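Next comes work-v2.cif, with mmCIF, C-alpha atoms.
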```cif
data_upload
#
loop_
_atom_site.label_atom_id
_atom_site.label_comp_id
_atom_site.auth_asym_id
_atom_site.auth_seq_id
_atom_site.Cartn_x
_atom_site.Cartn_y
_atom_site.Cartn_z
CA MET A 661 -45.59 -7.19 34.14
CA GLU A 662 -45.49 -3.42 34.44
CA SER A 663 -41.81 -3.36 35.42
CA ALA A 664 -41.00 -5.78 32.57
CA LEU A 665 -42.67 -3.41 30.11
CA ILE A 666 -40.72 -0.47 31.48
CA SER A 667 -37.45 -2.42 31.29
CA GLY A 668 -38.24 -3.45 27.74
CA LEU A 669 -39.00 0.12 26.73
CA GLN A 670 -35.81 1.30 28.44
CA GLY A 671 -33.92 -1.06 26.20
CA LEU A 672 -35.29 0.80 23.20
CA VAL A 673 -34.26 4.25 24.41
CA ILE A 674 -30.98 3.37 26.07
CA GLY A 675 -29.02 4.23 22.90
CA VAL A 676 -30.60 7.66 22.74
CA THR A 677 -30.07 8.37 26.43
CA ASN A 678 -26.39 7.47 26.12
CA LEU A 679 -25.89 9.68 23.09
CA GLY A 680 -23.34 12.32 24.02
CA LEU A 681 -22.25 15.51 22.32
CA GLY A 682 -19.07 13.77 21.12
CA HIS A 683 -21.10 11.08 19.35
CA VAL A 684 -23.26 13.70 17.65
CA ILE A 685 -20.20 15.68 16.48
CA MET A 686 -18.56 12.51 15.15
CA ILE A 687 -21.74 11.48 13.32
CA LEU A 688 -21.80 14.94 11.73
CA ILE A 689 -18.12 14.63 10.74
CA ALA A 690 -18.81 11.17 9.32
CA SER A 691 -21.76 12.60 7.39
CA GLY A 692 -19.41 15.25 6.04
CA LEU A 693 -17.08 12.53 4.77
CA LEU A 694 -20.02 10.77 3.14
CA TYR A 695 -21.04 14.07 1.53
CA LEU A 696 -17.52 14.62 0.16
CA GLY A 697 -17.40 11.08 -1.20
CA ILE A 698 -20.91 10.87 -2.63
CA GLN A 699 -21.70 14.42 -3.68
CA LYS A 700 -18.24 15.82 -4.46
CA GLY A 701 -16.66 12.60 -5.70
CA TYR A 702 -13.56 12.96 -3.47
CA GLU A 703 -12.04 9.46 -3.12
CA PRO A 704 -15.52 7.89 -2.77
CA LEU A 705 -14.17 4.33 -2.63
CA LEU A 706 -12.54 5.15 0.68
CA LEU A 707 -14.54 8.05 2.10
CA VAL A 708 -17.89 6.25 1.84
CA PRO A 709 -16.87 3.19 3.92
CA ILE A 710 -14.77 5.39 6.26
CA GLY A 711 -17.71 7.71 6.84
CA PHE A 712 -20.12 4.85 7.39
CA GLY A 713 -17.70 3.04 9.71
CA ALA A 714 -17.36 6.26 11.72
CA ILE A 715 -21.14 6.45 12.08
CA LEU A 716 -21.36 2.82 13.20
CA VAL A 717 -18.64 3.15 15.81
CA ASN A 718 -20.23 6.25 17.31
CA ILE A 719 -23.59 4.64 17.98
CA PRO A 720 -23.64 4.35 21.79
CA LEU A 721 -23.64 0.79 23.19
CA ALA A 722 -23.43 -0.80 19.72
CA ASP A 723 -19.97 -2.01 20.81
CA MET A 724 -18.70 -2.33 17.25
CA MET A 725 -15.07 -2.09 18.36
CA GLU A 726 -15.39 -4.08 21.57
CA ASN A 727 -13.85 -7.53 21.78
CA GLU A 728 -16.78 -9.31 20.16
CA GLY A 729 -17.69 -6.44 17.83
CA PHE A 730 -17.90 -7.07 14.12
CA LEU A 731 -15.63 -4.16 13.18
CA ARG A 732 -13.10 -5.23 15.81
CA PHE A 733 -12.87 -8.61 14.08
CA PHE A 734 -11.92 -7.05 10.73
CA TYR A 735 -9.64 -4.51 12.42
CA ASP A 736 -7.69 -7.20 14.26
CA ALA A 737 -7.55 -9.46 11.23
CA GLY A 738 -6.60 -6.91 8.62
CA VAL A 739 -5.30 -3.67 10.08
CA ARG A 740 -3.41 -4.78 13.17
CA THR A 741 -1.76 -7.49 11.12
CA GLU A 742 -1.11 -4.93 8.31
CA VAL A 743 -2.54 -7.39 5.79
CA PHE A 744 -5.15 -5.03 4.31
CA PRO A 745 -2.81 -2.26 3.10
CA LEU A 746 -0.44 -4.90 1.74
CA LEU A 747 -3.22 -6.55 -0.26
CA ILE A 748 -4.15 -3.12 -1.63
CA PHE A 749 -0.52 -2.74 -2.69
CA VAL A 750 -0.70 -5.93 -4.76
CA GLY A 751 -3.67 -4.40 -6.59
CA ILE A 752 -1.86 -1.08 -7.07
CA GLY A 753 1.14 -2.90 -8.52
CA ALA A 754 -1.14 -4.79 -10.89
CA MET A 755 -2.73 -1.55 -12.05
CA THR A 756 0.42 0.54 -12.43
CA ASP A 757 2.25 0.92 -15.69
CA PHE A 758 5.90 1.79 -15.03
CA GLN A 759 6.65 2.13 -18.75
CA PRO A 760 6.98 5.96 -18.68
CA LEU A 761 9.52 5.62 -15.89
CA LEU A 762 11.43 2.84 -17.63
CA GLU A 763 11.64 5.00 -20.74
CA ASN A 764 13.12 7.92 -18.82
CA PRO A 765 14.71 6.56 -15.62
CA LYS A 766 16.59 9.69 -14.53
CA ILE A 767 13.22 11.28 -13.77
CA ILE A 768 12.88 8.81 -10.87
CA LEU A 769 14.98 11.26 -8.81
CA LEU A 770 11.99 13.61 -8.76
CA GLY A 771 10.11 10.78 -7.07
CA ALA A 772 12.68 10.89 -4.29
CA ALA A 773 12.56 14.69 -3.92
CA GLY A 774 8.77 14.46 -3.76
CA GLN A 775 9.07 12.48 -0.52
CA PHE A 776 11.17 15.03 1.35
CA GLY A 777 8.01 16.52 2.82
CA ILE A 778 7.72 13.35 4.93
CA PHE A 779 10.99 13.99 6.68
CA LEU A 780 10.59 17.76 7.01
CA THR A 781 7.14 17.23 8.52
CA LEU A 782 8.65 14.74 10.95
CA LEU A 783 10.82 17.56 12.31
CA LEU A 784 7.81 19.88 12.52
CA ALA A 785 5.78 17.25 14.38
CA LEU A 786 8.60 16.71 16.85
CA ALA A 787 8.85 20.48 17.35
CA LEU A 788 5.13 20.55 18.13
CA GLY A 789 5.60 17.98 20.87
CA PHE A 790 4.48 14.74 19.20
CA ASP A 791 6.34 11.74 20.56
CA LYS A 792 8.72 9.94 18.23
CA LEU A 793 6.48 7.27 16.73
CA ASP A 794 3.44 9.56 16.60
CA ALA A 795 5.57 12.04 14.65
CA VAL A 796 6.53 9.27 12.21
CA ALA A 797 2.84 8.43 11.70
CA VAL A 798 1.94 12.07 11.04
CA ALA A 799 4.88 12.60 8.71
CA ILE A 800 3.98 9.62 6.55
CA ILE A 801 0.92 11.54 5.30
CA GLY A 802 3.55 13.23 3.13
CA ALA A 803 3.96 9.97 1.22
CA CYS A 804 0.68 11.07 -0.39
CA ASP A 805 -0.12 7.39 -0.55
CA GLY A 806 -3.07 6.01 1.41
CA PRO A 807 -1.93 2.40 1.92
CA THR A 808 1.59 3.49 2.95
CA ALA A 809 0.13 5.94 5.48
CA ILE A 810 -2.19 3.26 6.84
CA TYR A 811 0.59 0.66 7.01
CA VAL A 812 2.96 2.92 8.95
CA SER A 813 0.39 4.51 11.26
CA ALA A 814 -1.24 1.13 12.06
CA LYS A 815 2.22 -0.14 12.97
CA PHE A 816 3.43 2.75 15.12
CA ALA A 817 0.44 4.85 16.19
CA PRO A 818 -2.82 2.92 15.78
CA HIS A 819 -4.65 5.50 17.93
CA MET A 820 -3.99 8.03 15.15
CA LEU A 821 -4.97 5.78 12.26
CA GLY A 822 -8.32 7.50 11.65
CA ALA A 823 -6.91 11.03 11.53
CA VAL A 824 -3.87 10.03 9.45
CA SER A 825 -5.94 8.08 6.92
CA VAL A 826 -8.60 10.75 6.53
CA ALA A 827 -5.89 13.39 6.08
CA ALA A 828 -3.99 11.27 3.55
CA TYR A 829 -7.01 10.51 1.37
CA SER A 830 -8.56 13.98 1.68
CA TYR A 831 -5.41 15.81 0.68
CA MET A 832 -4.71 13.36 -2.15
CA SER A 833 -8.07 14.24 -3.63
CA LEU A 834 -7.29 17.95 -3.16
CA VAL A 835 -3.99 17.76 -5.09
CA PRO A 836 -5.46 19.77 -8.04
CA LEU A 837 -6.18 22.61 -5.62
CA ILE A 838 -3.09 22.35 -3.42
CA GLN A 839 -0.33 22.04 -6.01
CA PRO A 840 -0.84 24.81 -8.64
CA PRO A 841 -0.29 27.83 -6.35
CA ILE A 842 2.96 26.28 -5.04
CA MET A 843 4.10 25.46 -8.58
CA ARG A 844 3.48 29.03 -9.69
CA ALA A 845 5.12 30.56 -6.62
CA LEU A 846 8.36 28.64 -7.08
CA THR A 847 8.87 28.94 -10.83
CA THR A 848 9.35 31.80 -13.26
CA GLU A 849 7.09 32.20 -16.27
CA LYS A 850 10.09 31.41 -18.49
CA GLU A 851 10.61 28.09 -16.69
CA ARG A 852 6.93 27.18 -16.90
CA MET A 853 7.04 27.70 -20.68
CA ILE A 854 9.90 25.24 -21.28
CA VAL A 855 8.97 22.65 -23.90
CA MET A 856 10.42 19.24 -23.16
CA GLY A 857 11.38 17.05 -26.06
CA LEU A 858 9.84 13.65 -26.70
CA VAL A 859 11.50 10.75 -24.94
CA LYS A 860 10.98 7.74 -27.10
CA GLN A 861 13.04 4.90 -25.75
CA PRO A 862 10.97 1.74 -26.14
CA VAL A 863 11.45 -0.84 -23.42
CA SER A 864 11.72 -4.59 -24.06
CA LYS A 865 9.29 -7.00 -22.43
CA THR A 866 12.21 -8.71 -20.67
CA THR A 867 13.16 -5.42 -19.00
CA LYS A 868 9.57 -4.85 -17.91
CA ILE A 869 9.43 -8.33 -16.36
CA LEU A 870 12.82 -8.07 -14.68
CA PHE A 871 12.15 -4.59 -13.30
CA PRO A 872 9.85 -5.63 -10.40
CA ILE A 873 12.13 -8.55 -9.51
CA VAL A 874 15.27 -6.40 -9.46
CA VAL A 875 13.55 -3.62 -7.49
CA THR A 876 12.26 -6.10 -4.91
CA ILE A 877 15.61 -7.77 -4.34
CA PHE A 878 17.72 -4.63 -4.39
CA ALA A 879 15.44 -2.30 -2.40
CA SER A 880 14.52 -4.99 0.14
CA LEU A 881 18.17 -5.76 0.76
CA LEU A 882 18.83 -2.08 1.48
CA ALA A 883 15.67 -1.57 3.53
CA PRO A 884 14.57 -5.01 4.77
CA LYS A 885 11.80 -3.69 7.04
CA GLY A 886 10.12 -2.28 3.96
CA ALA A 887 10.20 -5.57 2.07
CA PRO A 888 6.45 -6.21 2.59
CA LEU A 889 5.61 -2.82 1.04
CA ILE A 890 8.03 -3.08 -1.86
CA GLY A 891 7.40 -6.78 -2.42
CA THR A 892 3.62 -6.54 -2.66
CA VAL A 893 3.66 -3.62 -5.13
CA MET A 894 6.23 -5.38 -7.27
CA LEU A 895 4.42 -8.74 -7.08
CA GLY A 896 1.35 -7.05 -8.53
CA ASN A 897 3.45 -5.43 -11.24
CA LEU A 898 5.20 -8.70 -12.08
CA MET A 899 1.82 -10.39 -12.53
CA LYS A 900 0.78 -7.58 -14.88
CA GLU A 901 3.96 -7.53 -16.96
CA SER A 902 4.52 -11.28 -17.16
CA GLY A 903 1.13 -11.72 -18.79
CA VAL A 904 0.92 -15.36 -17.70
CA VAL A 905 -1.29 -15.00 -14.61
CA GLU A 906 -4.10 -12.92 -16.01
CA ARG A 907 -6.61 -14.39 -13.53
CA LEU A 908 -4.47 -13.52 -10.50
CA LYS A 909 -3.73 -10.05 -11.84
CA SER A 910 -7.39 -9.46 -12.55
CA ALA A 911 -8.43 -10.70 -9.09
CA SER A 912 -5.78 -8.50 -7.43
CA GLU A 913 -6.87 -5.32 -9.16
CA ASN A 914 -10.59 -6.05 -8.96
CA GLU A 915 -12.13 -8.49 -6.49
CA ILE A 916 -9.38 -8.50 -3.85
CA ALA A 917 -8.77 -4.75 -4.07
CA ASN A 918 -12.52 -4.04 -3.87
CA ILE A 919 -13.19 -6.29 -0.88
CA VAL A 920 -10.13 -5.07 0.99
CA THR A 921 -10.90 -1.42 0.20
CA LEU A 922 -14.38 -1.86 1.68
CA LEU A 923 -13.14 -3.56 4.85
CA LEU A 924 -10.17 -1.24 5.23
CA GLY A 925 -12.40 1.81 4.90
CA LEU A 926 -14.82 0.48 7.50
CA CYS A 927 -11.96 -0.31 9.87
CA ILE A 928 -10.45 3.17 9.50
CA GLY A 929 -13.86 4.67 10.20
CA ALA A 930 -14.09 2.39 13.21
CA THR A 931 -11.02 4.03 14.74
CA MET A 932 -12.81 7.38 14.73
CA GLU A 933 -14.52 7.01 18.10
CA ALA A 934 -15.45 10.35 19.65
CA ASP A 935 -13.18 10.05 22.67
CA LYS A 936 -10.18 9.21 20.48
CA PHE A 937 -10.82 11.51 17.52
CA LEU A 938 -12.14 14.71 19.09
CA ARG A 939 -8.84 15.97 20.39
CA GLY A 940 -6.68 18.96 19.63
CA GLN A 941 -4.10 16.51 18.34
CA THR A 942 -6.39 15.52 15.45
CA LEU A 943 -6.44 19.11 14.19
CA LEU A 944 -2.65 19.18 14.41
CA VAL A 945 -2.47 15.95 12.41
CA LEU A 946 -4.73 17.41 9.72
CA GLY A 947 -2.68 20.63 9.63
CA LEU A 948 0.66 18.84 9.48
CA GLY A 949 -0.63 16.50 6.77
CA PHE A 950 -1.49 19.51 4.65
CA ILE A 951 1.95 21.01 5.25
CA ALA A 952 3.57 17.66 4.35
CA ILE A 953 1.94 17.59 0.93
CA CYS A 954 2.79 21.27 0.33
CA LEU A 955 6.43 20.55 1.24
CA ASP A 956 6.51 17.50 -1.08
CA THR A 957 5.34 19.69 -3.93
CA ALA A 958 7.71 22.52 -3.08
CA VAL A 959 10.80 20.30 -2.80
CA GLY A 960 9.79 18.43 -5.98
CA VAL A 961 9.55 21.69 -7.94
CA LEU A 962 12.82 23.00 -6.47
CA PHE A 963 14.54 19.75 -7.44
CA GLY A 964 13.02 20.16 -10.89
CA LYS A 965 14.63 23.60 -11.05
CA LEU A 966 17.96 22.04 -10.11
CA MET A 967 17.57 19.45 -12.88
CA CYS A 968 16.60 22.26 -15.26
CA LEU A 969 19.81 24.06 -14.38
CA ALA A 970 21.91 20.91 -14.66
CA THR A 971 20.50 20.04 -18.10
CA GLY A 972 20.84 23.54 -19.52
CA GLY A 973 17.11 24.26 -19.43
CA LYS A 974 15.86 21.03 -20.96
CA ILE A 975 13.65 20.07 -18.01
CA ASN A 976 10.52 22.00 -17.12
CA PRO A 977 10.60 22.31 -13.30
CA LEU A 978 6.82 21.96 -13.13
CA ILE A 979 7.18 18.19 -13.58
CA GLY A 980 8.85 18.10 -10.16
CA ALA A 981 5.42 18.58 -8.62
CA ALA A 982 4.43 15.18 -10.02
CA GLY A 983 7.10 13.42 -7.95
CA ILE A 984 4.44 12.47 -5.42
CA SER A 985 2.42 9.30 -5.26
CA ALA A 986 -0.99 10.71 -6.29
CA PHE A 987 -1.07 8.87 -9.62
CA PRO A 988 -2.04 10.02 -12.24
CA MET A 989 -3.79 13.05 -10.77
CA SER A 990 -0.60 14.95 -10.10
CA ALA A 991 0.71 14.36 -13.63
CA ARG A 992 -2.53 15.76 -15.02
CA VAL A 993 -2.20 18.85 -12.83
CA VAL A 994 1.30 19.43 -14.24
CA GLN A 995 0.06 19.01 -17.80
CA ALA A 996 -2.79 21.48 -17.24
CA GLU A 997 -0.49 24.00 -15.59
CA GLY A 998 2.10 23.74 -18.38
CA GLN A 999 -0.56 24.24 -21.03
CA LYS A 1000 -1.72 27.45 -19.37
CA TYR A 1001 1.63 29.06 -20.12
CA ASN A 1002 2.58 27.39 -23.38
CA LYS A 1003 0.04 25.71 -25.63
CA LYS A 1004 2.87 23.85 -27.38
CA SER A 1005 4.07 22.28 -24.13
CA TYR A 1006 3.06 18.67 -23.58
CA LEU A 1007 4.39 17.66 -20.21
CA LEU A 1008 2.07 14.73 -19.56
CA MET A 1009 4.42 11.85 -20.41
CA HIS A 1010 7.31 13.43 -18.51
CA ALA A 1011 5.04 14.12 -15.56
CA MET A 1012 3.79 10.51 -15.69
CA SER A 1013 7.42 9.36 -15.40
CA ALA A 1014 7.87 11.54 -12.33
CA ASN A 1015 4.53 10.37 -10.94
CA ALA A 1016 5.48 6.69 -11.38
CA GLY A 1017 8.78 7.58 -9.69
CA GLY A 1018 6.74 9.13 -6.88
CA GLN A 1019 4.82 5.89 -6.45
CA ILE A 1020 8.01 3.90 -6.04
CA GLY A 1021 9.56 6.77 -4.07
CA SER A 1022 6.81 6.79 -1.44
CA VAL A 1023 7.20 3.08 -0.82
CA ILE A 1024 11.00 3.34 -0.72
CA ALA A 1025 10.84 6.33 1.64
CA ALA A 1026 8.61 4.38 4.02
CA ALA A 1027 10.88 1.33 3.72
CA VAL A 1028 13.97 3.43 4.44
CA MET A 1029 12.18 5.02 7.39
CA LEU A 1030 11.21 1.64 8.87
CA SER A 1031 14.71 0.27 8.47
CA VAL A 1032 16.36 3.35 9.98
CA LEU A 1033 13.95 3.15 12.93
CA GLN A 1034 14.94 -0.46 13.41
CA GLY A 1035 18.61 0.44 13.07
CA MET A 1036 18.25 3.12 15.76
CA GLY A 1037 16.56 0.61 18.04
CA ILE A 1038 13.33 2.65 18.16
CA VAL A 1039 11.32 -0.34 16.93
CA GLY A 1040 12.00 -4.03 17.35
CA GLY A 1041 13.60 -6.21 14.72
CA MET B 244 18.29 9.12 22.26
CA ASP B 245 16.91 12.63 22.57
CA THR B 246 14.11 13.87 20.34
CA TRP B 247 16.21 16.11 18.10
CA THR B 248 18.98 13.58 17.55
CA PHE B 249 16.25 11.13 16.56
CA GLY B 250 14.52 13.66 14.29
CA TRP B 251 17.57 14.91 12.43
CA THR B 252 19.05 11.41 12.07
CA LEU B 253 15.85 10.00 10.61
CA ALA B 254 15.32 13.04 8.40
CA LEU B 255 18.84 13.13 6.98
CA ILE B 256 19.27 9.38 6.49
CA GLY B 257 15.68 9.16 5.26
CA MET B 258 16.08 11.81 2.58
CA GLY B 259 19.58 10.72 1.62
CA GLY B 260 18.66 7.04 1.68
CA THR B 261 15.55 7.53 -0.46
CA MET B 262 17.50 9.58 -2.99
CA LEU B 263 20.35 7.06 -3.05
CA VAL B 264 18.09 4.02 -3.47
CA LEU B 265 16.14 5.64 -6.30
CA TRP B 266 19.32 6.84 -8.01
CA ILE B 267 20.73 3.30 -7.93
CA LEU B 268 17.38 2.01 -9.23
CA SER B 269 17.64 4.40 -12.17
CA LEU B 270 21.10 2.98 -12.93
CA LEU B 271 19.74 -0.55 -12.68
CA ILE B 272 16.97 0.33 -15.12
CA LEU B 273 19.54 1.70 -17.57
CA LEU B 274 21.59 -1.48 -17.13
CA LEU B 275 18.54 -3.68 -17.80
CA LYS B 276 17.73 -1.66 -20.90
CA LYS B 277 21.30 -2.06 -22.10
CA ILE B 278 21.36 -5.83 -21.53
CA PHE B 279 17.88 -6.41 -22.91
CA PRO B 280 17.35 -3.74 -25.56
CA HIS B 281 14.04 -3.34 -27.28
CA ARG B 282 14.05 -4.82 -30.76
CA PRO B 283 11.49 -3.35 -33.16
CA GLY B 284 8.86 -5.92 -34.05
CA GLN B 285 9.81 -8.08 -31.06
CA SER B 286 6.29 -8.30 -29.68
CA ALA B 287 4.69 -8.59 -33.13
CA ALA B 288 7.02 -11.45 -34.03
CA LYS B 289 6.13 -13.33 -30.85
CA LYS B 290 2.43 -12.93 -31.50
CA GLY B 291 2.80 -13.91 -35.14
#
```
Show the structure stored in the file as structure tokens.
Amino acid sequence: MESALISGLQGLVIGVTNLGLGHVIMILIASGLLYLGIQKGYEPLLLVPIGFGAILVNIPLADMMENEGFLRFFYDAGVRTEVFPLLIFVGIGAMTDFQPLLENPKIILLGAAGQFGIFLTLLLALALGFDKLDAVAVAIIGACDGPTAIYVSAKFAPHMLGAVSVAAYSYMSLVPLIQPPIMRALTTEKERMIVMGLVKQPVSKTTKILFPIVVTIFASLLAPKGAPLIGTVMLGNLMKESGVVERLKSASENEIANIVTLLLGLCIGATMEADKFLRGQTLLVLGLGFIAICLDTAVGVLFGKLMCLATGGKINPLIGAAGISAFPMSARVVQAEGQKYNKKSYLLMHAMSANAGGQIGSVIAAAVMLSVLQGMGIVGG
Amino acid sequence: MDTWTFGWTLALIGMGGTMLVLWILSLLILLLKKIFPHRPGQSAAKKG
């Protein structure tokens, strides 16, 4: 009887006795993520489940990510299969209005320039000793697009999924702090004061409906490995623009997106186990992610300057900073920055065009990357 | 394939490919707008 009591009591304290320093540090980091999400409002939809998932997975002996663990089930079903980020993409497509881009299509080029940080960061990661696919996973933070980063890192470097996702979402929410100093450093006051004329080119409904179909076929043919990414975004957009499947569109942008966001966040948090996360490499990932977003902004602004030159000063280079995928936050940053230097300057609609271009650009960049990797024989067909 | 050949190949084709695809997309958008131009009152007429 006595030994049974002792054994029973041991069962109650076994979690505490197995608690290591790594677990405590990870629980503190997870609490920090919860603080940022709840108190500071930084990407709460993701940081709250990520933070909580990270707490759960760092409870000793809870075995959340073991074979029978409840988080392992969702991870295997949704992250390893890449289904979760793709479902999120359907919702994003259903929520995104590409009208500003369709009105002013040449601005889409800024959305390409805004992805160059991905590829420049890839070189930096390789220089720092990351192996090839790990470097790809780090670089994709530069897409400034959470689901794209999750999709690529889950595919090529699942052991880095936690760090890559946290970096992607944290820096996206810090865009209003990261971008303005770079925008100011790379432009002259004269350039920042440029007033861009109104672009009023209404778009027919037929064009809006055909756009997602044409993009899917054309871009998927050029970069077939990216067809799931491109196809899901464009499916969502087709449902929105066609106007005939309101229920499906509504479910995609609400119920499905909400459920998947919750499970995806928990699963990302579940990859943040102390022994996998508390490494020097994680700090490098966070640092390189920051550099990637800075480079995106810098190249976007420089490309904006080039377009300014090519158009005889009709384009304000600041809108180049909106060529990233953080929609519509980046466009708002550009508008606010432009207004600081010229109260008559209304850059919002132009920046929204660049921002919508950035959304497509990030998906296309990832698709191109996947297809080139396949072409080089680095990943299987 | 050595690391730097891999890195520079992916970086150059990646940047060039992304720019090329988006440039062609912009041309396709212009083509769509030309074939299916917006007609004022189009949506109002359909609703009416």
- Item | chain B contacts to chain A at 8 Å (all atoms listed in the file) as a list in words |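 Using all atoms listed in the file, chain B residues at most 8 Å from chain A: Thr246, Trp247, Phe249, Gly250, Trp251, Leu253, Ala254, Leu255, Ile256, Gly257, Met258, Gly260, Thr261, Met262, Val264, Leu265, Trp266, Leu268, Ser269, Leu270, Ile272, Leu273, Leu275, Lys276, Phe279, Pro280, His281, Arg282 and Ser286 of chain B.
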Box centre and edge lengths (Å, one decimal), axis-aligned, stretch 870-873 of chain A plus 3 Å each side, as AutoDock Vina command-line options:
```
--center_x 11.3 --center_y -6.6 --center_z -12.1 --size_x 9.0 --size_y 10.0 --size_z 11.2
```
- Excluding same-chain residues fewer than 4 positions from A:Met853, what lies within 9 Å of it counting all atoms listed in the file, as a list in words?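 Near A:Met853, the qualifying residues are Thr848, Glu849, Asn976, Gly998, Gln999, Lys1000, Tyr1001, Asn1002, Lys1003, Lys1004 and Ser1005 of chain A.
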- Which residues fall under the PyMOL selection byres ((chain A and resi 931-942) around 7) in this file, as a list in words? Gly682, His683, Met686, Ala714, Val717, Asn718, Leu821, Gly822, Ala823, Cys927, Ile928, Gly929, Ala930, Leu943, Leu944, Val945 and Leu946 of chain A
- Can you find the residues with an atom no farther than 10 Å from (13.0, 22.8, -8.6), counting all atoms listed in the file, and report them as a list in words? Leu770, Ala773, Met843, Leu846, Thr847, Glu851, Thr957, Ala958, Val959, Gly960, Val961, Leu962, Phe963, Gly964, Lys965, Leu966, Met967, Cys968, Leu969, Ile975, Asn976, Pro977, Leu978, Ile979, Gly980 and Ala981 of chain A
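Compared by their closest atoms to A:Gly753, and using all atoms listed in the file, the residues A:Val993, A:Val893, A:Leu1007, A:Ile916 rank with A:Val893 nearest.
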